[in-house]
Amino acid sequence: MSAEATNPATPGPITPGVHRRRGRPRIDLRRLGRAALLGSASRGRLPDAIGHVVEAHRAHYPDADLDPLRRAYVLAESSHRGQMRKSGEPYITHPLAVTLILAELGAENTTLTASLLHDTVEDTDVTLDQVRTEFGEEVAYLVDGVTKLEKVDYGAAAEPETFRKMLVATGNDVRVMSIKLADRLHNMRTLGVMRQEKQERIAKVTRDVLIPLAERLGVQALKTELEDLVFAILHPEEYTQTHALMAANAAREDDPLAAIAEEVRGVLREAGLSAEVLIRPRHFVSVHRVRRKRGELRGSDFGRLLVLVSEDADCYGVLGELHTCFTPVVSEFKDFIAVPKFNLYQSLHTAVARGDGEVAEVLIRTHQMHKVAEAGVVALGNPYTPSGEEHLDTDGERADPTRPGWLSRLLDWQQSAPDADMFWSTLREDLAQDREITVFRPDGGTIGLPAGASCVDAAYAQYGEDAHACIGARVNGRLATLGTVLVDGDTVQLLMDRMEGAAASEPSRDWLDHARTPAARIAIRRWLTAHPEGPSAPEAAPRAPYSGPSVRPAAANALVDQPGAAVRLAGCCTPVPPDEITAFAVRGGVFTVHRVACPGVARMKDDGRAEVDVRWADEETAEYRVTLVAESFSRPHLLADLTEAIALEGVAIISATVEPPTQGGVRHTYTLQLPDAAHLPGLMRAMRNVPGVFDVGRAQHAATGAL
């Protein structure tokens, strides 16, 4: 936390910054530093130095108990006394500034107390036990969560392992990350005294880790300012150009957004809708992105309209009026109220055009939605004690009812990361995936995944390392390969290999091409490292025809009303009792028997071929021949397992062919001789129970002229 700092990197007049209450003066850190050194005039009185913090805090919590803040400030000031930042300011100005950021966002008392003390254990003689004794377990937990690990103990791994520790602590209490984000924001605001290379290193970590975390926790007020500060350091030329464009627009006498805002106010007044219509300027990075997307900027591109109402229903009322009185840009409409983002964000997004072609983007939300949109998890207060009592799970850990799915997944896979380097690189990859989808299991449960995730990712999310035995999936009821990319709302049934033994639990190296989640990639890599002899892809099933033991074809057990007629069963549909059958005469006085449902029957009837009455004979000892098609996933030893299953049913294989694998699937066609027709249902069940087989059916080939 102890970052040295001084002048802000961004110019004052149009710096977006943290949103302050109207009329509150900007804080003078040097004045606060002097007040911190002088201390308060009398015991028990609130020190002047935390006056801004108290004012911001009371704006959200008018009846807050301020004594913990007073005691925390006194301890922090006395323990940091004599320490200076590189800018020359007393060090106490840093925890004061961090605490003010959180107070303005609406953080509750415990968070602010811990924020004032967040560097004491790391940088002073104050111990964690002292903090626990003086301020309680929760404050101590938060302070410990943001305390860095010593470089002397961890060396180059200190920073990655500190983040790992912090994220684990965040899993139990998201307020840990709130303090860290505010801490980084103040350090980034005052990074100018650092060497350029150190500024760039800190900015890159902020870009790759802290900004995505701020986005995922919904703390937009911190995220947007962090983005601008990083932009200024890592892309100074683009930043300067964007700053010039924004300054030129601010100097314009006519503001198209102001005119549109006034029209919107009039429309809503006439409709009887009580709403506050504000102009929300874009921050630097947002303007830069719009410029790259659209080229030359219009006056209305430098901001958006924000419409605030009291009730959810009023949001849709406002939307209806705007789409009635202006021309809506349909492609810009998004409903994040009905379907909130994974970071708690709710709002209606739309864009409307006036008659002169000027287009304005509009955000519509309630006041409460706006508070959460700006402050995210910070706006939730203390989510762990809604009724004044701490909630514990079955393991005695604090249960966070607000912990998002992405954080749960992160906590799961970080346990498997074998070293700091893999954790650090994987964390950055994971955080770069900034959208989330939800897919459904057949039992109604859900699996949260990043956008672009595949069935491989769903398997490891649901089964952990047991997913090594996954052999396929059904997506929305249809067979799909494990590489199938999932979309929000899909239903996924994962098909697991039920066969015991090592051969049934071998992930393919090719799965890495489809895995997007760290949990899947780490588990697959770990297995492949431990089994270097493992196959790079599932073993392809044999492509050549297979001939079983020689069996004399049995005569067809069917009778036609023709004396001395020879009867044979059609190879296209291989009927057996009790199939409904029909027959057709073919060359040589032979009659071929088909199932009535055979596709060839309809074709021959269309050709004018005459049907012949046929019935099954009553011989109990007759043998029957049938052709079955088994649809399966490609895996090692599948043909052998199917052959064994058929043999165990007492059925003879006349012939078997296996088509080349396509899309990970294999089709096996077996011509089989049954001891009696009653064996058929049991045989088909036995074949379906072979791991990897997902369907078994009767052959349904079209009849040929050779019949």
# chains A, B, ... in the order shown; residues from 1 in each chain; ligands from 1
>>> select_by_dssp(residues="range 295-370 of chain A", states="strand (DSSP E)", output="VMD selection string")
chain A and resid 303 to 309 327 to 328 334 to 335 348 to 353 359 to 366
>>> residues_around(residues="Phe694 in chain A", least_positions_apart="4", cutoff="9 Å", atoms="only C-alpha atoms", output="PyMOL selection string")
chain A and resi 479+495+630-633+688-690
>>> residues_around(residues="range 322-326 of chain A", least_positions_apart="5", cutoff="7 Å", atoms="only C-alpha atoms", output="PyMOL selection string")
chain A and resi 352-354
>>> residues_around(residues="Trp413 in chain A", least_positions_apart="6", cutoff="9 Å", atoms="only C-alpha atoms", output="list of chain:residue names")
A:Phe423, A:Thr517, A:Pro518, A:Ala519, A:Ala520, A:Ile522, A:Ala523
>>> residues_around(residues="Ala565 in chain A", least_positions_apart="3", cutoff="10 Å", atoms="only C-alpha atoms", output="list of chain:residue names")
A:Leu559, A:Val560, A:Asp561, A:Gln562, A:Ala585, A:Gly589, A:Val590, A:Phe591
>>> atom_distance(atom1="CA of Leu222 in chain A", atom2="CA of Leu306 in chain A")
18.6 Å
>>> residues_around(residues="Leu100 in chain A", least_positions_apart="5", cutoff="9 Å", atoms="only C-alpha atoms", output="PyMOL selection string")
chain A and resi 50+52-54+56-57+95+105+112
>>> residues_around(residues="range 159-171 of chain A", least_positions_apart="3", cutoff="7 Å", atoms="only C-alpha atoms", output="PyMOL selection string")
chain A and resi 145-146+148-149+174-177+407+411+420+424
>>> select_by_dssp(residues="range 85-181 of chain A", states="alpha helix (DSSP H)", output="ChimeraX atom specification")
/A:93-105,109-116,120-123,128-135,137-145,151-154,158-172,175-181
>>> closest_residue(among="A:Ser178, A:Thr366, A:Thr426, A:Thr224", to="Glu108 in chain A", atoms="only C-alpha atoms")
A:Ser178
>>> atom_distance(atom1="CA of Ala203 in chain A", atom2="CA of Ile233 in chain A")
7.0 Å
>>> closest_residue(among="A:Leu185, A:Leu308, A:Leu683, A:Val193", to="Lys86 in chain A", atoms="only C-alpha atoms")
A:Val193
>>> closest_residue(among="A:Ala140, A:Glu253, A:Glu321, A:Ser310", to="Glu270 in chain A", atoms="only C-alpha atoms")
A:Glu321
>>> closest_residue(among="A:Gln415, A:Ser634, A:Thr147, A:Ser331", to="Ala351 in chain A", atoms="only C-alpha atoms")
A:Ser331
>>> atom_distance(atom1="CA of Ala250 in chain A", atom2="CA of Val277 in chain A")
19.3 Å
>>> closest_residue(among="A:Val126, A:Ala530, A:Val139, A:Met194", to="Arg85 in chain A", atoms="only C-alpha atoms")
A:Met194
>>> closest_residue(among="A:Glu358, A:Asp606, A:Glu104, A:Glu134", to="Ala258 in chain A", atoms="only C-alpha atoms")
A:Glu358
>>> decode(residues="range 240-272 of chain A", atoms="N, CA and C atoms", output="mmCIF file, in the first residue's frame")
data_model
loop_
_atom_site.group_PDB
_atom_site.id
_atom_site.type_symbol
_atom_site.label_atom_id
_atom_site.label_comp_id
_atom_site.auth_asym_id
_atom_site.auth_seq_id
_atom_site.Cartn_x
_atom_site.Cartn_y
_atom_site.Cartn_z
ATOM 1 N N THR A 240 -3.060 12.827 -24.717
ATOM 2 C CA THR A 240 -2.957 14.261 -25.015
ATOM 3 C C THR A 240 -3.951 14.660 -26.100
ATOM 4 N N GLN A 241 -4.076 13.820 -27.132
ATOM 5 C CA GLN A 241 -5.030 14.120 -28.205
ATOM 6 C C GLN A 241 -6.466 14.122 -27.677
ATOM 7 N N THR A 242 -6.785 13.130 -26.865
ATOM 8 C CA THR A 242 -8.141 13.047 -26.304
ATOM 9 C C THR A 242 -8.420 14.232 -25.389
ATOM 10 N N HIS A 243 -7.418 14.604 -24.589
ATOM 11 C CA HIS A 243 -7.575 15.757 -23.695
ATOM 12 C C HIS A 243 -7.859 17.021 -24.502
ATOM 13 N N ALA A 244 -7.160 17.203 -25.623
ATOM 14 C CA ALA A 244 -7.372 18.391 -26.452
ATOM 15 C C ALA A 244 -8.781 18.403 -27.034
ATOM 16 N N LEU A 245 -9.262 17.256 -27.487
ATOM 17 C CA LEU A 245 -10.618 17.180 -28.036
ATOM 18 C C LEU A 245 -11.660 17.514 -26.973
ATOM 19 N N MET A 246 -11.469 16.992 -25.760
ATOM 20 C CA MET A 246 -12.427 17.250 -24.691
ATOM 21 C C MET A 246 -12.392 18.713 -24.260
ATOM 22 N N ALA A 247 -11.202 19.294 -24.227
ATOM 23 C CA ALA A 247 -11.088 20.708 -23.857
ATOM 24 C C ALA A 247 -11.758 21.593 -24.897
ATOM 25 N N ALA A 248 -11.560 21.252 -26.189
ATOM 26 C CA ALA A 248 -12.194 22.038 -27.251
ATOM 27 C C ALA A 248 -13.710 21.929 -27.181
ATOM 28 N N ASN A 249 -14.222 20.752 -26.894
ATOM 29 C CA ASN A 249 -15.670 20.588 -26.791
ATOM 30 C C ASN A 249 -16.222 21.344 -25.593
ATOM 31 N N ALA A 250 -15.463 21.347 -24.479
ATOM 32 C CA ALA A 250 -15.919 22.060 -23.285
ATOM 33 C C ALA A 250 -15.992 23.557 -23.525
ATOM 34 N N ALA A 251 -15.184 24.055 -24.467
ATOM 35 C CA ALA A 251 -15.159 25.502 -24.744
ATOM 36 C C ALA A 251 -16.251 25.930 -25.717
ATOM 37 N N ARG A 252 -16.987 24.995 -26.295
ATOM 38 C CA ARG A 252 -18.047 25.334 -27.249
ATOM 39 C C ARG A 252 -19.168 26.105 -26.558
ATOM 40 N N GLU A 253 -19.738 27.060 -27.291
ATOM 41 C CA GLU A 253 -20.864 27.811 -26.734
ATOM 42 C C GLU A 253 -22.155 27.000 -26.798
ATOM 43 N N ASP A 254 -22.308 26.221 -27.876
ATOM 44 C CA ASP A 254 -23.518 25.406 -28.000
ATOM 45 C C ASP A 254 -23.215 23.978 -27.569
ATOM 46 N N ASP A 255 -24.078 23.416 -26.772
ATOM 47 C CA ASP A 255 -23.915 22.048 -26.289
ATOM 48 C C ASP A 255 -25.143 21.259 -26.718
ATOM 49 N N PRO A 256 -24.998 20.406 -27.754
ATOM 50 C CA PRO A 256 -26.173 19.666 -28.225
ATOM 51 C C PRO A 256 -26.776 18.767 -27.158
ATOM 52 N N LEU A 257 -25.951 18.235 -26.266
ATOM 53 C CA LEU A 257 -26.493 17.384 -25.204
ATOM 54 C C LEU A 257 -27.384 18.180 -24.262
ATOM 55 N N ALA A 258 -26.976 19.428 -23.983
ATOM 56 C CA ALA A 258 -27.790 20.265 -23.099
ATOM 57 C C ALA A 258 -29.154 20.533 -23.724
ATOM 58 N N ALA A 259 -29.163 20.763 -25.043
ATOM 59 C CA ALA A 259 -30.432 21.021 -25.722
ATOM 60 C C ALA A 259 -31.321 19.780 -25.710
ATOM 61 N N ILE A 260 -30.715 18.599 -25.968
ATOM 62 C CA ILE A 260 -31.500 17.365 -25.963
ATOM 63 C C ILE A 260 -32.004 17.076 -24.550
ATOM 64 N N ALA A 261 -31.163 17.331 -23.546
ATOM 65 C CA ALA A 261 -31.576 17.101 -22.158
ATOM 66 C C ALA A 261 -32.797 17.943 -21.811
ATOM 67 N N GLU A 262 -32.823 19.194 -22.280
ATOM 68 C CA GLU A 262 -33.963 20.060 -21.997
ATOM 69 C C GLU A 262 -35.224 19.547 -22.685
ATOM 70 N N GLU A 263 -35.070 19.033 -23.910
ATOM 71 C CA GLU A 263 -36.222 18.452 -24.601
ATOM 72 C C GLU A 263 -36.736 17.224 -23.854
ATOM 73 N N VAL A 264 -35.819 16.396 -23.365
ATOM 74 C CA VAL A 264 -36.221 15.190 -22.625
ATOM 75 C C VAL A 264 -36.972 15.578 -21.360
ATOM 76 N N ARG A 265 -36.488 16.607 -20.659
ATOM 77 C CA ARG A 265 -37.189 17.061 -19.449
ATOM 78 C C ARG A 265 -38.620 17.474 -19.777
ATOM 79 N N GLY A 266 -38.783 18.191 -20.891
ATOM 80 C CA GLY A 266 -40.117 18.622 -21.288
ATOM 81 C C GLY A 266 -41.036 17.458 -21.616
ATOM 82 N N VAL A 267 -40.503 16.468 -22.336
ATOM 83 C CA VAL A 267 -41.295 15.286 -22.694
ATOM 84 C C VAL A 267 -41.756 14.554 -21.440
ATOM 85 N N LEU A 268 -40.857 14.387 -20.476
ATOM 86 C CA LEU A 268 -41.202 13.644 -19.265
ATOM 87 C C LEU A 268 -42.163 14.433 -18.372
ATOM 88 N N ARG A 269 -42.012 15.778 -18.368
ATOM 89 C CA ARG A 269 -42.959 16.609 -17.604
ATOM 90 C C ARG A 269 -44.370 16.451 -18.160
ATOM 91 N N GLU A 270 -44.489 16.518 -19.479
ATOM 92 C CA GLU A 270 -45.807 16.396 -20.108
ATOM 93 C C GLU A 270 -46.426 15.025 -19.847
ATOM 94 N N ALA A 271 -45.566 14.013 -19.728
ATOM 95 C CA ALA A 271 -46.067 12.662 -19.474
ATOM 96 C C ALA A 271 -46.364 12.426 -18.001
ATOM 97 N N GLY A 272 -46.053 13.405 -17.145
ATOM 98 C CA GLY A 272 -46.311 13.252 -15.720
ATOM 99 C C GLY A 272 -45.326 12.338 -15.015
#
